[in-house]
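Have a look at target_7.tsv; it's TSV, C-alpha atoms:
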```
chain	number	residue	atom	x	y	z
A	268	MET	CA	-11.72	122.98	269.79
A	269	GLY	CA	-13.28	126.34	268.83
A	270	ARG	CA	-11.07	128.57	266.78
A	271	THR	CA	-9.93	131.72	268.39
A	272	ARG	CA	-11.77	134.72	266.93
A	273	GLU	CA	-8.69	136.83	267.37
A	274	ASN	CA	-6.96	137.74	264.12
A	275	PRO	CA	-3.33	136.89	264.22
A	276	GLU	CA	-1.24	140.03	263.84
A	277	VAL	CA	0.25	140.56	260.39
A	278	HIS	CA	3.96	140.69	260.66
A	279	ALA	CA	5.06	144.07	259.32
A	280	GLY	CA	8.75	143.62	259.87
A	281	SER	CA	9.45	142.64	256.29
A	282	MET	CA	7.42	145.50	254.86
A	283	ALA	CA	10.50	147.69	254.73
A	284	ASP	CA	12.37	145.07	252.74
A	285	ILE	CA	9.56	144.80	250.22
A	286	ALA	CA	9.40	148.55	249.86
A	287	PHE	CA	13.16	148.76	249.42
A	288	LEU	CA	12.98	146.13	246.74
A	289	LEU	CA	10.35	148.15	244.86
A	290	LEU	CA	12.34	151.33	245.33
A	291	ILE	CA	15.48	149.81	243.91
A	292	PHE	CA	13.54	148.41	240.98
A	293	PHE	CA	12.20	151.85	240.12
A	294	LEU	CA	15.59	153.47	240.60
A	295	VAL	CA	17.14	151.08	238.11
A	296	THR	CA	14.48	151.09	235.43
A	297	THR	CA	13.64	154.77	235.29
A	298	THR	CA	15.50	157.88	234.29
A	299	ILE	CA	15.15	161.43	235.43
A	300	GLU	CA	15.47	163.40	232.30
A	301	THR	CA	13.90	166.45	230.89
A	302	ASP	CA	14.89	166.84	227.32
A	303	MET	CA	15.98	170.20	226.14
A	304	GLY	CA	16.52	171.39	222.66
A	305	LEU	CA	16.08	173.96	219.96
A	306	ASP	CA	12.54	174.19	218.65
A	307	ARG	CA	12.15	174.77	214.96
A	308	LYS	CA	9.29	174.69	212.55
A	309	LEU	CA	9.81	173.17	209.13
A	310	PRO	CA	8.24	174.79	206.11
A	311	PRO	CA	5.23	172.90	204.73
A	312	ASP	CA	5.87	170.66	201.77
A	313	ILE	CA	4.03	172.71	199.19
A	314	ASP	CA	5.30	174.64	196.24
A	315	THR	CA	5.64	178.20	197.34
A	316	PRO	CA	5.69	180.92	194.74
A	317	VAL	CA	9.04	182.48	194.08
A	318	ILE	CA	9.44	185.60	196.17
A	319	ASP	CA	11.69	188.38	195.00
A	320	LEU	CA	13.98	189.65	197.69
A	321	TYR	CA	16.62	192.28	197.70
A	322	GLU	CA	20.02	190.72	198.13
A	323	ARG	CA	20.76	193.16	200.94
A	324	ASN	CA	17.93	191.67	203.01
A	325	VAL	CA	19.38	188.18	202.95
A	326	LEU	CA	22.27	187.01	205.07
A	327	ARG	CA	23.69	183.97	203.37
A	328	ILE	CA	25.30	181.48	205.69
A	329	ILE	CA	26.88	178.41	204.17
A	330	LEU	CA	28.22	175.51	206.19
A	331	ASN	CA	30.57	173.52	204.02
A	332	LYS	CA	31.66	169.92	204.21
A	333	ASN	CA	34.71	170.78	206.31
A	334	ASP	CA	32.47	172.42	208.92
A	335	GLU	CA	33.66	175.86	207.89
A	336	LEU	CA	31.31	178.75	207.91
A	337	LEU	CA	30.92	181.15	205.02
A	338	VAL	CA	28.90	184.27	205.64
A	339	GLU	CA	28.33	186.25	202.45
A	340	ASP	CA	31.24	184.37	200.85
A	341	GLU	CA	33.67	185.20	203.62
A	342	VAL	CA	35.04	182.69	206.08
A	343	VAL	CA	33.81	183.63	209.53
A	344	PRO	CA	34.70	181.76	212.72
A	345	ILE	CA	31.64	180.37	214.45
A	346	THR	CA	32.37	182.41	217.55
A	347	LYS	CA	31.75	185.60	215.57
A	348	LEU	CA	28.50	184.42	213.98
A	349	LYS	CA	26.30	185.84	216.72
A	350	GLN	CA	27.72	189.34	216.31
A	351	VAL	CA	27.51	189.14	212.51
A	352	ALA	CA	23.86	188.12	212.76
A	353	ILE	CA	23.10	190.88	215.25
A	354	ASN	CA	24.76	193.49	213.04
A	355	PHE	CA	22.75	192.27	210.09
A	356	LEU	CA	19.36	192.12	211.85
A	357	ASP	CA	19.82	195.33	213.77
A	358	ASN	CA	21.07	197.31	210.80
A	359	GLY	CA	17.86	199.19	209.98
A	360	GLY	CA	19.27	200.69	206.81
A	361	GLY	CA	15.95	201.29	205.08
A	362	LEU	CA	16.11	205.01	204.62
A	363	LYS	CA	15.37	205.02	200.91
A	364	GLU	CA	12.04	206.13	199.54
A	365	GLY	CA	9.34	203.52	199.91
A	366	ALA	CA	11.37	201.44	202.30
A	367	VAL	CA	10.26	201.36	205.91
A	368	SER	CA	13.00	202.30	208.26
A	369	CYS	CA	13.36	200.78	211.67
A	370	THR	CA	13.08	203.25	214.52
A	371	TYR	CA	14.37	201.02	217.31
A	372	CYS	CA	17.37	199.56	215.48
A	373	MET	CA	20.74	200.59	216.79
A	374	GLY	CA	22.86	199.28	213.95
A	375	ASP	CA	25.08	201.03	211.44
A	376	ARG	CA	22.23	201.96	209.06
A	377	ASN	CA	24.35	200.57	206.28
A	378	PRO	CA	22.36	200.85	203.02
A	379	GLU	CA	24.03	197.67	201.77
A	380	SER	CA	22.64	195.59	204.65
A	381	SER	CA	19.10	194.77	205.78
A	382	ASP	CA	16.33	197.38	205.62
A	383	ASN	CA	14.64	196.39	208.84
A	384	PRO	CA	14.31	193.26	211.00
A	385	GLN	CA	10.95	192.35	209.48
A	386	LYS	CA	12.55	192.03	206.06
A	387	ALA	CA	15.82	190.52	207.16
A	388	ILE	CA	16.09	186.85	206.31
A	389	ILE	CA	18.89	184.56	207.34
A	390	SER	CA	19.49	181.80	204.85
A	391	LEU	CA	21.32	178.76	206.14
A	392	ASN	CA	22.65	176.28	203.67
A	393	SER	CA	24.49	173.26	204.91
A	394	ASP	CA	26.44	170.67	203.01
A	395	ARG	CA	25.43	167.03	203.31
A	396	ASN	CA	28.78	166.17	204.81
A	397	ALA	CA	28.75	168.84	207.49
A	398	THR	CA	28.46	167.40	210.97
A	399	TYR	CA	25.30	167.79	212.96
A	400	GLY	CA	27.14	169.21	215.96
A	401	THR	CA	28.32	172.20	213.98
A	402	TYR	CA	24.90	172.66	212.47
A	403	VAL	CA	23.29	172.80	215.90
A	404	GLU	CA	25.95	175.25	216.97
A	405	VAL	CA	25.11	177.53	214.05
A	406	GLN	CA	21.40	177.27	214.86
A	407	ASP	CA	22.21	178.03	218.47
A	408	GLN	CA	24.23	181.12	217.58
A	409	ILE	CA	21.45	182.42	215.34
A	410	SER	CA	18.93	181.90	218.14
A	411	ALA	CA	21.30	183.67	220.49
A	412	ALA	CA	21.42	186.67	218.15
A	413	TYR	CA	17.62	186.90	218.03
A	414	ASN	CA	17.33	186.40	221.77
A	415	ALA	CA	19.91	189.09	222.50
A	416	LEU	CA	18.02	191.61	220.37
A	417	ARG	CA	14.65	190.65	221.83
A	418	GLU	CA	16.11	190.88	225.30
A	419	ARG	CA	17.36	194.39	224.58
A	420	GLU	CA	14.00	195.59	223.32
A	421	SER	CA	12.12	193.99	226.17
A	422	GLN	CA	14.39	195.67	228.68
A	423	ARG	CA	13.86	199.00	226.93
A	424	LEU	CA	10.08	198.76	226.55
A	425	PHE	CA	8.93	196.79	229.57
A	426	ASN	CA	11.98	196.76	231.81
A	427	LYS	CA	11.71	192.98	232.03
A	428	SER	CA	13.80	190.21	230.66
A	429	PHE	CA	12.29	188.46	227.64
A	430	SER	CA	13.18	184.97	228.77
A	431	SER	CA	11.61	185.51	232.20
A	432	MET	CA	8.47	186.79	230.48
A	433	GLU	CA	8.34	183.64	228.37
A	434	ASP	CA	8.95	181.42	231.37
A	435	LEU	CA	6.18	183.18	233.26
A	436	TYR	CA	3.82	182.82	230.33
A	437	TYR	CA	4.33	179.07	230.11
A	438	ALA	CA	4.25	178.54	233.88
A	439	PRO	CA	1.00	176.83	234.90
A	440	GLU	CA	0.50	178.96	238.00
A	441	THR	CA	0.29	182.26	236.10
A	442	SER	CA	-3.23	183.66	236.12
A	443	GLU	CA	-5.20	184.14	232.91
A	444	ALA	CA	-5.26	187.91	233.24
A	445	SER	CA	-1.52	188.32	233.56
A	446	LYS	CA	-1.08	185.77	230.79
A	447	ALA	CA	-3.08	187.93	228.42
A	448	VAL	CA	-0.90	190.94	229.21
A	449	LEU	CA	2.26	188.89	228.84
A	450	LYS	CA	1.06	187.45	225.57
A	451	ASP	CA	0.62	190.90	224.05
A	452	GLN	CA	4.05	191.96	225.23
A	453	ILE	CA	5.75	188.81	223.98
A	454	GLU	CA	4.02	189.09	220.62
A	455	GLU	CA	5.10	192.71	220.35
A	456	ILE	CA	8.73	191.87	221.01
A	457	ARG	CA	8.59	188.91	218.66
A	458	SER	CA	7.12	191.01	215.88
A	459	MET	CA	9.94	193.53	216.32
A	460	PHE	CA	12.47	190.80	215.59
A	461	PRO	CA	10.62	187.98	213.85
A	462	MET	CA	12.75	184.91	213.38
A	463	LYS	CA	13.10	184.38	209.67
A	464	LEU	CA	15.43	181.52	209.05
A	465	SER	CA	15.32	179.87	205.69
A	466	GLU	CA	16.87	176.52	204.97
A	467	ALA	CA	16.66	175.91	201.27
A	468	GLU	CA	17.25	172.46	199.87
A	469	ILE	CA	20.64	171.33	200.95
A	470	GLN	CA	23.07	171.29	198.10
A	471	HIS	CA	24.98	168.22	197.15
A	472	SER	CA	28.67	168.47	197.47
A	473	ASN	CA	30.47	168.44	194.15
A	474	GLN	CA	33.35	166.38	195.33
A	475	LEU	CA	32.77	162.91	196.58
B	174	MET	CA	12.44	155.48	297.38
B	175	ALA	CA	13.25	152.28	295.69
B	176	LYS	CA	10.76	153.02	292.96
B	177	PHE	CA	13.42	154.64	290.85
B	178	THR	CA	15.52	151.73	289.85
B	179	LYS	CA	18.69	152.69	288.18
B	180	LYS	CA	19.03	151.72	284.57
B	181	LYS	CA	21.65	149.29	283.79
B	182	ASP	CA	24.63	150.74	281.99
B	183	GLY	CA	24.96	150.04	278.28
B	184	ASP	CA	21.33	149.19	277.78
B	185	LEU	CA	20.41	151.26	274.73
B	186	PRO	CA	16.73	151.55	273.90
B	187	ALA	CA	15.99	149.86	270.58
B	188	VAL	CA	15.36	152.29	267.71
B	189	SER	CA	11.85	151.78	266.49
B	190	THR	CA	11.85	150.69	262.87
B	191	ALA	CA	8.09	150.77	262.60
B	192	SER	CA	8.13	153.92	260.46
B	193	LEU	CA	10.82	152.66	258.13
B	194	PRO	CA	8.34	151.23	255.61
B	195	ASP	CA	6.57	154.58	255.50
B	196	ILE	CA	9.80	156.41	254.80
B	197	VAL	CA	10.77	154.00	252.09
B	198	PHE	CA	7.32	154.14	250.52
B	199	MET	CA	7.59	157.90	250.49
B	200	LEU	CA	10.86	157.64	248.61
B	201	LEU	CA	9.34	155.09	246.29
B	202	PHE	CA	6.39	157.31	245.41
B	203	PHE	CA	8.73	160.24	244.89
B	204	PHE	CA	10.77	158.32	242.36
B	205	MET	CA	7.70	156.87	240.72
B	206	THR	CA	6.27	160.31	240.10
B	207	VAL	CA	9.37	162.20	238.97
B	208	THR	CA	10.88	159.61	236.70
B	209	THR	CA	9.85	158.02	233.47
B	210	MET	CA	10.29	154.49	232.27
B	211	LYS	CA	12.90	153.83	229.67
B	212	ASP	CA	10.78	152.89	226.72
B	213	SER	CA	13.41	151.91	224.22
B	214	SER	CA	16.99	150.93	224.57
B	215	LEU	CA	19.47	152.81	222.48
B	216	MET	CA	21.10	150.92	219.67
B	217	VAL	CA	23.03	153.90	218.36
B	218	GLU	CA	25.71	156.13	219.79
B	219	ASN	CA	23.87	159.16	221.03
B	220	THR	CA	26.09	161.95	222.23
B	221	LEU	CA	23.88	164.95	221.75
B	222	PRO	CA	25.40	168.29	220.83
B	223	ASN	CA	25.42	171.18	223.27
B	224	ALA	CA	23.44	174.35	222.93
B	225	THR	CA	22.66	177.31	225.14
B	226	GLU	CA	19.44	178.77	223.78
B	227	VAL	CA	17.42	175.70	224.67
B	228	LYS	CA	13.80	175.26	225.57
B	229	LYS	CA	12.51	172.45	227.71
B	230	LEU	CA	10.64	169.75	225.93
B	231	GLU	CA	7.66	169.30	228.17
B	232	LYS	CA	4.66	166.99	228.01
B	233	LYS	CA	6.25	163.74	226.97
B	234	ASP	CA	3.02	162.35	225.59
B	235	ARG	CA	3.24	164.84	222.75
B	236	VAL	CA	6.67	163.86	221.58
B	237	ILE	CA	7.82	161.34	218.99
B	238	TYR	CA	11.47	160.44	219.21
B	239	ILE	CA	13.82	159.68	216.34
B	240	PHE	CA	17.34	158.56	217.18
B	241	VAL	CA	20.23	158.89	214.78
B	242	GLY	CA	23.83	157.85	215.23
B	243	THR	CA	26.39	155.22	214.43
B	244	PRO	CA	25.30	151.77	215.64
B	245	THR	CA	26.80	150.71	218.96
B	246	ARG	CA	29.58	148.16	218.89
B	247	GLU	CA	27.40	145.08	219.19
B	248	TYR	CA	25.40	146.09	216.13
B	249	GLN	CA	28.32	147.32	214.07
B	250	LYS	CA	29.00	143.93	212.55
B	251	VAL	CA	25.55	143.80	211.05
B	252	PHE	CA	24.75	147.43	210.42
B	253	GLY	CA	28.13	148.99	209.75
B	254	THR	CA	29.55	152.18	211.12
B	255	GLU	CA	27.63	154.69	209.07
B	256	PRO	CA	25.07	156.72	211.05
B	257	ARG	CA	21.68	155.00	211.06
B	258	ILE	CA	18.18	155.89	212.12
B	259	GLN	CA	16.61	154.11	215.06
B	260	LEU	CA	12.83	154.13	215.28
B	261	ASN	CA	11.49	152.54	218.45
B	262	ASP	CA	13.58	149.41	218.79
B	263	LYS	CA	14.85	148.81	215.30
B	264	PHE	CA	17.03	150.33	212.67
B	265	ALA	CA	15.22	151.92	209.76
B	266	ASN	CA	15.85	153.57	206.45
B	267	VAL	CA	15.00	157.15	205.65
B	268	ASP	CA	11.89	156.22	203.68
B	269	GLU	CA	10.39	154.47	206.72
B	270	VAL	CA	10.36	157.68	208.76
B	271	GLY	CA	7.17	158.99	207.20
B	272	SER	CA	5.13	155.87	207.87
B	273	PHE	CA	6.59	155.64	211.39
B	274	ILE	CA	5.43	159.17	212.17
B	275	LEU	CA	1.97	158.45	210.79
B	276	ALA	CA	1.72	155.25	212.82
B	277	GLU	CA	2.85	156.99	216.01
B	278	ARG	CA	0.47	159.83	215.37
B	279	ALA	CA	-2.43	157.43	214.96
B	280	LYS	CA	-1.65	155.93	218.38
B	281	LYS	CA	-2.05	159.26	220.15
B	282	PRO	CA	-5.38	160.62	221.31
B	283	GLN	CA	-7.26	162.65	218.75
B	284	GLU	CA	-6.82	165.98	220.49
B	285	LEU	CA	-3.05	165.63	220.59
B	286	GLN	CA	-2.57	164.60	216.99
B	287	ASN	CA	-2.11	168.13	215.76
B	288	VAL	CA	0.26	169.30	218.44
B	289	LEU	CA	2.90	166.60	218.24
B	290	THR	CA	6.57	167.46	218.22
B	291	THR	CA	9.24	165.30	216.67
B	292	ALA	CA	12.35	165.21	218.80
B	293	LEU	CA	15.45	164.51	216.76
B	294	LYS	CA	18.00	162.93	219.04
B	295	VAL	CA	20.97	162.97	216.78
B	296	ASP	CA	24.56	162.16	217.58
B	297	LYS	CA	26.74	165.20	217.12
B	298	ASN	CA	29.01	163.38	214.69
B	299	ALA	CA	26.24	162.40	212.31
B	300	ASN	CA	26.28	164.13	208.95
B	301	MET	CA	23.73	166.66	207.84
B	302	GLY	CA	22.71	164.78	204.71
B	303	LEU	CA	20.83	162.18	206.72
B	304	ILE	CA	19.18	164.88	208.82
B	305	ALA	CA	18.15	166.75	205.71
B	306	ASP	CA	16.55	163.58	204.33
B	307	ILE	CA	14.69	163.01	207.60
B	308	LYS	CA	13.46	166.58	207.60
B	309	GLN	CA	12.25	166.15	204.04
B	310	GLU	CA	10.33	163.02	205.10
B	311	LEU	CA	8.83	164.89	208.04
B	312	ARG	CA	7.66	167.64	205.74
B	313	LYS	CA	5.96	165.09	203.52
B	314	VAL	CA	3.82	163.81	206.39
B	315	ASN	CA	3.25	167.33	207.69
B	316	ALA	CA	5.08	166.79	210.97
B	317	LEU	CA	6.50	170.27	211.01
B	318	LYS	CA	7.33	170.87	214.65
B	319	VAL	CA	10.79	169.56	215.32
B	320	ASN	CA	13.05	169.82	218.30
B	321	TYR	CA	16.77	169.34	217.91
B	322	THR	CA	17.36	167.73	221.28
B	323	THR	CA	20.59	168.88	222.88
B	324	TYR	CA	22.36	169.00	226.17
B	325	GLU	CA	22.53	172.34	227.84
B	326	GLY	CA	26.07	173.60	227.66
B	327	ASP	CA	28.48	175.72	225.74
B	328	ALA	CA	27.90	175.13	222.05
B	329	PHE	CA	31.55	175.62	221.22
B	330	ASN	CA	32.31	172.25	222.76
B	331	ASN	CA	30.67	170.59	219.78
B	332	LEU	CA	33.77	170.81	217.68
B	333	GLN	CA	35.79	168.49	219.86
```
So that I can check it, write out the structure of this file as structure tokens.
Amino acid sequence: MGRTRENPEVHAGSMADIAFLLLIFFLVTTTIETDMGLDRKLPPDIDTPVIDLYERNVLRIILNKNDELLVEDEVVPITKLKQVAINFLDNGGGLKEGAVSCTYCMGDRNPESSDNPQKAIISLNSDRNATYGTYVEVQDQISAAYNALRERESQRLFNKSFSSMEDLYYAPETSEASKAVLKDQIEEIRSMFPMKLSEAEIQHSNQL
Amino acid sequence: MAKFTKKKDGDLPAVSTASLPDIVFMLLFFFMTVTTMKDSSLMVENTLPNATEVKKLEKKDRVIYIFVGTPTREYQKVFGTEPRIQLNDKFANVDEVGSFILAERAKKPQELQNVLTTALKVDKNANMGLIADIKQELRKVNALKVNYTTYEGDAFNNLQ
């Protein structure tokens, strides 16, 4: 009547079924998604003193309630916005006394447009009834203008693409030493074309 | 030489399925590590706009999501067809955004509280007025890093 000391063998045949069940559960309840988007920083909610700017240093972009784009009071199709922004930022017209000119700009040097990229401000004003899709598109085109100019300078100075430098900087496998070098280079390029995008309080539309 | 008995025809050796659990477990662990759980179900239409100059939104533990869009059909009877804000699992008004951000921020570990990003997942047909109000609320609670979450694609498709 003694029990056998032998352990009965665990039946592993159904293990695969159990694992499949788990697998299917995870497949159904989870999502593979990496979100992408445009990063922006909002201005802090404090009263800033009024800053005097020359009108020539501001590019006024207005998005109206019909999703039309007005750049300096002229209707501009959204496809042209990138070029308009590049022309404005890259103008480097500051040749007057006291104004700092921009040595690396390749624009028209139009005295009626921005003095240099450090002073150039893009002001974006959108109506409350404009759609978000168009707004993102405008933001995207403005980013594209900055990125194109930064790319050009980074190719000229370091013979590297700016976006690959940024990717490398944020990659975890990059060593600290090369990160430090990259950081200086990225900062240099960024300071050549600092992103100055102002979104003043959005105006209410007059017509309801 | 009768030791070599001829195999019978048509007698296939059985494929060993002993390693099948291992293979499936491998798959399981792969999916467990690369995916994330859906934490809230969408109650609003959420067709994000397209953009090209996008950056990846990494480190999900540092992100607070705000969804905006018209309510989906099952909620339209109650909440109408105007774009609404969804915070976690319920609809909210604009003035609740600030307290929501503060509550979410308090849930995060101390060292992450200053590096949080607010991801605005907004339907491309929503109007800017609502977004402007949300941004104003975010400024009030000093949540200044925002990410306009988009799909990667040609931005000129947004008009359709």
Discussion item. Which residues are close to range 307-316 of chain B, i.e. within 12 Å by only C-alpha atoms, leaving aside same-chain residues fewer than 6 positions away? Reply as JSON, numbers by chain.
Written reply: {"A": [307, 308, 309, 310, 311, 312, 313, 466, 467, 468, 469], "B": [236, 237, 239, 240, 241, 257, 258, 259, 260, 265, 266, 267, 268, 269, 270, 271, 272, 273, 274, 275, 276, 277, 278, 286, 287, 288, 289, 290, 291, 292, 293, 294, 295, 300, 301]}
Residues of chain B near chain A: apply a cut-off of 8 Å, count all atoms listed in the file, and supply the list as a compact mmCIF listing (two decimals) with C-alpha atoms, in the coordinates of the input.
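Below is the file selection.txt, written as the result:
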```
# COMPACT_ATOMS: atom_id res chain seq x y z
CA ALA B 191 8.09 150.77 262.60
CA LEU B 193 10.82 152.66 258.13
CA PRO B 194 8.34 151.23 255.61
CA ASP B 195 6.57 154.58 255.50
CA VAL B 197 10.77 154.00 252.09
CA PHE B 198 7.32 154.14 250.52
CA LEU B 200 10.86 157.64 248.61
CA LEU B 201 9.34 155.09 246.29
CA PHE B 204 10.77 158.32 242.36
CA MET B 205 7.70 156.87 240.72
CA VAL B 207 9.37 162.20 238.97
CA THR B 208 10.88 159.61 236.70
CA THR B 209 9.85 158.02 233.47
CA MET B 210 10.29 154.49 232.27
CA LYS B 211 12.90 153.83 229.67
CA LEU B 221 23.88 164.95 221.75
CA PRO B 222 25.40 168.29 220.83
CA ASN B 223 25.42 171.18 223.27
CA ALA B 224 23.44 174.35 222.93
CA THR B 225 22.66 177.31 225.14
CA GLU B 226 19.44 178.77 223.78
CA VAL B 227 17.42 175.70 224.67
CA LYS B 228 13.80 175.26 225.57
CA LYS B 229 12.51 172.45 227.71
CA LEU B 230 10.64 169.75 225.93
CA GLU B 231 7.66 169.30 228.17
CA VAL B 295 20.97 162.97 216.78
CA ASP B 296 24.56 162.16 217.58
CA LYS B 297 26.74 165.20 217.12
CA ASN B 298 29.01 163.38 214.69
CA ALA B 299 26.24 162.40 212.31
CA ASN B 300 26.28 164.13 208.95
CA MET B 301 23.73 166.66 207.84
CA GLY B 302 22.71 164.78 204.71
CA LEU B 303 20.83 162.18 206.72
CA ILE B 304 19.18 164.88 208.82
CA ALA B 305 18.15 166.75 205.71
CA LYS B 308 13.46 166.58 207.60
CA ARG B 312 7.66 167.64 205.74
CA LYS B 313 5.96 165.09 203.52
CA ASN B 315 3.25 167.33 207.69
CA LEU B 317 6.50 170.27 211.01
CA LYS B 318 7.33 170.87 214.65
CA VAL B 319 10.79 169.56 215.32
CA ASN B 320 13.05 169.82 218.30
CA TYR B 321 16.77 169.34 217.91
CA THR B 322 17.36 167.73 221.28
CA THR B 323 20.59 168.88 222.88
CA TYR B 324 22.36 169.00 226.17
CA GLU B 325 22.53 172.34 227.84
CA ALA B 328 27.90 175.13 222.05
CA PHE B 329 31.55 175.62 221.22
CA ASN B 331 30.67 170.59 219.78
CA LEU B 332 33.77 170.81 217.68
```
Worksheet entry | Point (26.3, 147.2, 217.0) neighbourhood (12 Å, all atoms listed in the file) written as JSON, numbers by chain | {"B": [215, 216, 217, 218, 242, 243, 244, 245, 246, 247, 248, 249, 250, 251, 252, 253, 254, 255, 256, 257, 263, 264]}
Centre and edge lengths, as lines of an AutoDock Vina configuration file, for the axis-aligned box enclosing every listed atom of range 432-447 of chain A with 8 Å of padding on each of the six sides, in Å to one decimal?
```
center_x = 1.8
center_y = 182.6
center_z = 233.2
size_x = 30.2
size_y = 27.5
size_z = 25.6
```
Fill in: Who sits within 12 Å of Phe425 in chain A, all atoms listed in the file, same chain under 2 positions skipped, as a ChimeraX atom specification
/A:417-423,427-429,431-432,448-449,451-453,455-456
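CA of Glu322 in chain A sits 16.3 Å away from CA of Val351 in chain A.
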Worksheet entry | Interatomic distance, CA of Asn324 in chain A to CA of Asp382 in chain A (Å, one decimal) |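 Interatomic distance, CA of Asn324 in chain A to CA of Asp382 in chain A: 6.5 Å.
The gap separating CA of Thr220 in chain B from CA of Lys349 in chain A is 24.5 Å, in Å to one decimal.
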